[in-house]
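Everything on this sheet refers to the single structure shown next.
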Amino acid sequence: MNSAPQPPADQLERALAALLAARKYRSVHPGLARAIVSTELAKGRSLKEAVKAAKNQLHQSAAVYMRRNLKYDDALSQLQTAVSAAKNEPDSLAHGDNAAVREHLRRLMSAHASTFERLPQLDTFYGQLFKQLPPVQSVLDIACGLHPLARPWMPLPPDASYQAIDIFADQVDFLNSFFSIMGYAGAAVQRNALEDMSTPAADIAFLLKTLPCLEQIETGAGERLLHQIDAPILIVSFPNHTLAGRKQGMAQHYAASFESLISNAGWQAQSLTYPSEQVYIVHKD
Ligand SMILES: C[S@@+](CC[C@H](N)C(=O)[O-])C[C@H]1O[C@@H](n2cnc3c(N)ncnc32)[C@H](O)[C@@H]1O
């Protein structure tokens with residue numbers, strides 16, 4: 001996304017500083033912020049207009065999905081308390097199966113629109129999905145949001161590895177603490193999926209409700225990423241409605257273009273329909 005002519009360096013630095021000074025964007029991936037601001041300046045916009053347009057891009061592709069601000073430290077100390085209590089219970093289950101731990105994770109997932117919309121189906125979503133998959137030992141979750149918090153609901157072996165990427169540093173730190181408290185072999189990393197196309201190898205890669213966000217910033221980026229991911233199976237989903245709940249033919253629109261992409265690539269796919277989204281299990285081999 002950096003092929004456009006570069007704006008003057010001092011103008012770019014000032015615009016970038018103004019963007020990153022906003023509370024909402026101070027932990028966003030700096031390389032992504034720089035690329036977006038640079039593209040906006042290269043369109044001939046004034047510094048003020050370019051910062052405004054860049055904020056709008058980051059809002060539409062990422063920040064809009066946060067339904068409320070999470071206080072990460074409080075969330076983690078409450079999780080630690082629930083996990084410690086679970087360990088002390090007689091005949092304790094693995095703490096991912098503990099009701100109080102799960103209730104806390106559900107509350108946390110409700111802070112992000114994508115996981116919030118999945119909550120009503122959480123108890124059946126992954127059972128239905130993983131039934132269609134061979135044994136999975138490693139997971140990659142691209143543009144993950146708070147989706148790794150659903151790890152206890154996924155029928156994975158206890159030692160399965162889970163690698164997650166997103167653009168907000170504070171969210172990534174939070175997810176790393178979550179993995180550590182829960183004792184999962186997981187790691188979250190701040191990465192820009194539009195640029196860092198070399199992803200770690202995994203048995204499956206989740207791209208849940210992700211492609212429209214990437215395409216909003218760069219047309220064609222989604223397809224490029226799908227080809228580059230080093231995983232034989234991709235779990236790709238598209239929303240069935242807007243954040244405001246309007247359908248506007250979204251499901252049909254995404255289905256038509258994604259099914260043509262799969263067929264052009266020579267991949268096989270099956271699809272599962274959930275109220276929150278249309279999920280495709282794509283076999284690249
Ligand atoms: C619609 S949400 C989906 C979240 C999650 N996959 C889920 O379904 O629960 C889109 C996510 O993409 C992330 N995102 C947007 N642009 C990105 C980029 N360039 N690289 C990595 N993540 C990005 C946002 O921060 C946000 O968490």
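Chain lettering (A, B, ...) mirrors the order of the structure tokens, residue numbering begins at 1 for each chain separately, and ligand numbering begins at 1 in order of display.
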Which residues of range 96-207 of chain A come within 8 Å of range 234-245 of chain A, and for each one, what is the closest pair of atoms and their distance in Å to one decimal, counting only C-alpha atoms, sorted by chain and residue number, as a Markdown table?
```
| residue | atom | partner | partner_atom | distance |
| --- | --- | --- | --- | --- |
| A:Ala113 | CA | A:Leu243 | CA | 7.5 |
| A:Ile204 | CA | A:Leu234 | CA | 5.7 |
| A:Ala205 | CA | A:Leu234 | CA | 4.9 |
| A:Phe206 | CA | A:Ile235 | CA | 4.8 |
| A:Leu207 | CA | A:Val236 | CA | 4.7 |
```
Enumerate residues in contact with ligand 1: an atom-to-atom distance of at most 6 Å, counting only C-alpha atoms and all ligand atoms. Format the result as a list in words. Ser61, Ala62, Ser114, Thr115, Ala143, Cys144, Gly145, Leu146, His147, Asp166, Ile167, Arg191, Asn192, Ala193, Leu194, Leu207, Leu208, Lys209, Thr210, Cys213 and Leu214 of chain A
Can you write just those residues out, C-alpha atoms, as a short mmCIF file (atom, residue, chain, number, x, y, z; two decimals), in the first residue's frame?
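This went into selection_26.cif:
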```cif
data_model
loop_
_atom_site.label_atom_id
_atom_site.label_comp_id
_atom_site.auth_asym_id
_atom_site.auth_seq_id
_atom_site.Cartn_x
_atom_site.Cartn_y
_atom_site.Cartn_z
CA SER A 61 -11.70 -0.82 9.73
CA ALA A 62 -10.91 -1.37 13.41
CA SER A 114 -17.64 -9.41 16.46
CA THR A 115 -17.34 -11.62 19.53
CA ALA A 143 -7.09 -9.65 12.84
CA CYS A 144 -8.23 -11.45 15.96
CA GLY A 145 -9.92 -8.70 18.00
CA LEU A 146 -10.99 -10.46 21.22
CA HIS A 147 -11.66 -13.78 19.48
CA ASP A 166 -4.04 -7.53 15.47
CA ILE A 167 -3.01 -3.90 15.24
CA ARG A 191 1.13 -6.87 13.21
CA ASN A 192 -0.35 -5.22 10.18
CA ALA A 193 -1.90 -7.99 8.10
CA LEU A 194 -1.67 -5.77 5.02
CA LEU A 207 -9.99 -14.86 9.29
CA LEU A 208 -13.30 -14.14 10.93
CA LYS A 209 -15.07 -11.05 9.59
CA THR A 210 -11.63 -9.81 8.62
CA CYS A 213 -11.86 -4.60 7.01
CA LEU A 214 -8.63 -5.18 5.08
#
```
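Once Val101 in chain A and its same-chain neighbours fewer than 2 positions away are set aside, Gln78, Leu79, Gln80, Thr81, Ala82, Val83, Ser84, Ala85, Ala86, His95, Gly96, Asp97, Asn98, Ala99, Glu103, His104, Leu105, Arg106, Pro152 and Met182 of chain A remain within 10 Å of it when counting only C-alpha atoms.
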Run DSSP on the backbone and tell me which residues of range 131-167 of chain A come out as helix (DSSP H, G or I); list them as a list in words.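 Filtering range 131-167 of chain A down to helix (DSSP H, G or I) leaves His147, Pro148, Leu149, Ala150, Arg151, Pro152 and Trp153 of chain A.
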Any chance you can output those residues with N, CA and C atoms as an mmCIF file, in the first residue's frame?
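Below is the file that was written, result_22.cif:
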```
data_model
loop_
_atom_site.group_PDB
_atom_site.id
_atom_site.type_symbol
_atom_site.label_atom_id
_atom_site.label_comp_id
_atom_site.auth_asym_id
_atom_site.auth_seq_id
_atom_site.Cartn_x
_atom_site.Cartn_y
_atom_site.Cartn_z
ATOM 1 N N HIS A 147 -11.272 -12.401 19.764
ATOM 2 C CA HIS A 147 -11.659 -13.779 19.476
ATOM 3 C C HIS A 147 -10.835 -14.835 20.231
ATOM 4 N N PRO A 148 -9.541 -14.604 20.519
ATOM 5 C CA PRO A 148 -8.804 -15.628 21.290
ATOM 6 C C PRO A 148 -9.441 -15.926 22.658
ATOM 7 N N LEU A 149 -10.259 -14.995 23.186
ATOM 8 C CA LEU A 149 -10.906 -15.270 24.482
ATOM 9 C C LEU A 149 -11.896 -16.433 24.363
ATOM 10 N N ALA A 150 -12.253 -16.792 23.143
ATOM 11 C CA ALA A 150 -13.160 -17.940 22.946
ATOM 12 C C ALA A 150 -12.398 -19.261 22.950
ATOM 13 N N ARG A 151 -11.093 -19.220 23.163
ATOM 14 C CA ARG A 151 -10.257 -20.441 23.148
ATOM 15 C C ARG A 151 -10.833 -21.568 24.026
ATOM 16 N N PRO A 152 -11.379 -21.286 25.240
ATOM 17 C CA PRO A 152 -11.920 -22.388 26.054
ATOM 18 C C PRO A 152 -13.086 -23.119 25.399
ATOM 19 N N TRP A 153 -13.768 -22.467 24.470
ATOM 20 C CA TRP A 153 -14.923 -23.106 23.814
ATOM 21 C C TRP A 153 -14.476 -23.941 22.605
#
```
Using only C-alpha atoms, which protein or nucleic acid residues come within 10 Å of range 216-226 of chain A? Drop anything in the same chain fewer than 3 positions from it, and give the result as a ChimeraX atom specification. /A:1,32,36,54,57-58,60-61,193-199,205,207,210-213,229-231,234,236,258,261-262,265,282,284
N, CA and C atoms of the current selection, written as a JSON list (two decimals), in the first residue's frame:
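Saved to selection11.json:
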```
[["chain", "number", "residue", "atom", "x", "y", "z"],
["A", 1, "MET", "N", 0.81, -1.21, 0.00],
["A", 1, "MET", "CA", 0.00, 0.00, 0.00],
["A", 1, "MET", "C", 0.84, 1.26, 0.00],
["A", 32, "LEU", "N", 1.15, 0.83, 10.09],
["A", 32, "LEU", "CA", -0.15, 0.95, 9.42],
["A", 32, "LEU", "C", -0.61, 2.41, 9.44],
["A", 36, "ILE", "N", -1.31, 4.71, 6.12],
["A", 36, "ILE", "CA", -2.63, 5.30, 5.82],
["A", 36, "ILE", "C", -2.50, 6.82, 5.68],
["A", 54, "ALA", "N", -7.52, 9.69, 7.76],
["A", 54, "ALA", "CA", -6.83, 8.51, 8.31],
["A", 54, "ALA", "C", -7.58, 8.00, 9.54],
["A", 57, "GLN", "N", -10.54, 6.10, 8.38],
["A", 57, "GLN", "CA", -10.16, 4.76, 7.88],
["A", 57, "GLN", "C", -9.95, 3.79, 9.04],
["A", 58, "LEU", "N", -9.19, 4.25, 10.05],
["A", 58, "LEU", "CA", -8.89, 3.36, 11.20],
["A", 58, "LEU", "C", -10.15, 3.09, 12.02],
["A", 60, "GLN", "N", -13.31, 2.97, 10.76],
["A", 60, "GLN", "CA", -14.16, 2.05, 10.01],
["A", 60, "GLN", "C", -13.59, 0.63, 9.94],
["A", 61, "SER", "N", -12.27, 0.51, 9.91],
["A", 61, "SER", "CA", -11.70, -0.82, 9.73],
["A", 61, "SER", "C", -11.34, -1.49, 11.05],
["A", 193, "ALA", "N", -1.69, -6.88, 9.04],
["A", 193, "ALA", "CA", -1.90, -7.99, 8.10],
["A", 193, "ALA", "C", -1.76, -7.55, 6.65],
["A", 194, "LEU", "N", -1.81, -6.24, 6.40],
["A", 194, "LEU", "CA", -1.67, -5.77, 5.02],
["A", 194, "LEU", "C", -0.21, -5.78, 4.58],
["A", 195, "GLU", "N", 0.69, -5.71, 5.53],
["A", 195, "GLU", "CA", 2.11, -5.63, 5.15],
["A", 195, "GLU", "C", 2.90, -6.87, 5.50],
["A", 196, "ASP", "N", 2.66, -7.37, 6.72],
["A", 196, "ASP", "CA", 3.44, -8.53, 7.17],
["A", 196, "ASP", "C", 2.77, -9.79, 6.66],
["A", 197, "MET", "N", 2.97, -10.06, 5.39],
["A", 197, "MET", "CA", 2.24, -11.17, 4.80],
["A", 197, "MET", "C", 2.83, -12.53, 5.18],
["A", 198, "SER", "N", 4.08, -12.54, 5.69],
["A", 198, "SER", "CA", 4.66, -13.84, 6.04],
["A", 198, "SER", "C", 4.16, -14.25, 7.42],
["A", 199, "THR", "N", 3.14, -15.07, 7.43],
["A", 199, "THR", "CA", 2.54, -15.47, 8.70],
["A", 199, "THR", "C", 3.13, -16.80, 9.15],
["A", 205, "ALA", "N", -6.14, -21.35, 9.87],
["A", 205, "ALA", "CA", -6.06, -19.90, 10.11],
["A", 205, "ALA", "C", -7.47, -19.35, 10.13],
["A", 207, "LEU", "N", -9.87, -16.24, 9.79],
["A", 207, "LEU", "CA", -9.99, -14.86, 9.29],
["A", 207, "LEU", "C", -11.46, -14.50, 9.44],
["A", 210, "THR", "N", -12.85, -10.59, 8.76],
["A", 210, "THR", "CA", -11.63, -9.81, 8.62],
["A", 210, "THR", "C", -11.45, -9.20, 7.23],
["A", 211, "LEU", "N", -11.79, -9.98, 6.20],
["A", 211, "LEU", "CA", -11.45, -9.53, 4.85],
["A", 211, "LEU", "C", -12.10, -8.18, 4.50],
["A", 212, "PRO", "N", -13.37, -7.94, 4.85],
["A", 212, "PRO", "CA", -13.93, -6.63, 4.49],
["A", 212, "PRO", "C", -13.17, -5.46, 5.13],
["A", 213, "CYS", "N", -12.61, -5.69, 6.34],
["A", 213, "CYS", "CA", -11.86, -4.60, 7.01],
["A", 213, "CYS", "C", -10.57, -4.33, 6.25],
["A", 229, "ILE", "N", -1.00, -17.06, 3.30],
["A", 229, "ILE", "CA", -1.07, -17.71, 4.61],
["A", 229, "ILE", "C", -0.58, -19.15, 4.51],
["A", 230, "ASP", "N", 0.29, -19.51, 5.45],
["A", 230, "ASP", "CA", 0.89, -20.85, 5.45],
["A", 230, "ASP", "C", 0.03, -21.78, 6.32],
["A", 231, "ALA", "N", -1.17, -22.07, 5.83],
["A", 231, "ALA", "CA", -2.07, -23.00, 6.53],
["A", 231, "ALA", "C", -2.91, -23.71, 5.48],
["A", 234, "LEU", "N", -8.33, -22.60, 5.79],
["A", 234, "LEU", "CA", -8.67, -21.24, 6.21],
["A", 234, "LEU", "C", -10.13, -21.22, 6.66],
["A", 236, "VAL", "N", -12.83, -18.68, 7.06],
["A", 236, "VAL", "CA", -13.08, -17.29, 6.67],
["A", 236, "VAL", "C", -14.55, -16.99, 6.91],
["A", 258, "PHE", "N", -16.74, -14.03, -2.83],
["A", 258, "PHE", "CA", -15.80, -14.97, -2.21],
["A", 258, "PHE", "C", -15.83, -16.32, -2.94],
["A", 261, "LEU", "N", -13.75, -16.07, -5.93],
["A", 261, "LEU", "CA", -12.31, -16.08, -5.57],
["A", 261, "LEU", "C", -11.82, -17.52, -5.34],
["A", 262, "ILE", "N", -12.62, -18.28, -4.59],
["A", 262, "ILE", "CA", -12.24, -19.67, -4.28],
["A", 262, "ILE", "C", -12.14, -20.49, -5.56],
["A", 265, "ALA", "N", -9.10, -19.71, -7.53],
["A", 265, "ALA", "CA", -7.87, -20.22, -6.91],
["A", 265, "ALA", "C", -7.79, -21.74, -7.01],
["A", 282, "VAL", "N", -12.17, -23.36, 4.02],
["A", 282, "VAL", "CA", -11.50, -23.41, 2.71],
["A", 282, "VAL", "C", -10.30, -24.35, 2.78],
["A", 284, "LYS", "N", -7.06, -25.36, 0.99],
["A", 284, "LYS", "CA", -6.18, -24.84, -0.05],
["A", 284, "LYS", "C", -5.45, -25.94, -0.82]]
```
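Here the question is which of A:Asn69, A:Asn88, A:Ser27, A:Gln6 gets nearest to Ala42 in chain A using only C-alpha atoms, and that residue is A:Gln6.
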Contact residues around range 154-163 of chain A with only C-alpha atoms at 8 Å, ignoring same-chain residues under 5 positions, as a PyMOL selection string: chain A and resi 126-127+130+136-141+184-189
Atomic separation - CA of Tyr65 in chain A relative to CA of Ile281 in chain A, Å: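 We find that CA of Ile281 in chain A and CA of Tyr65 in chain A lie 23.8 Å from each other.
The space between CA of Val64 in chain A and CA of Leu175 in chain A spans 19.3 Å.
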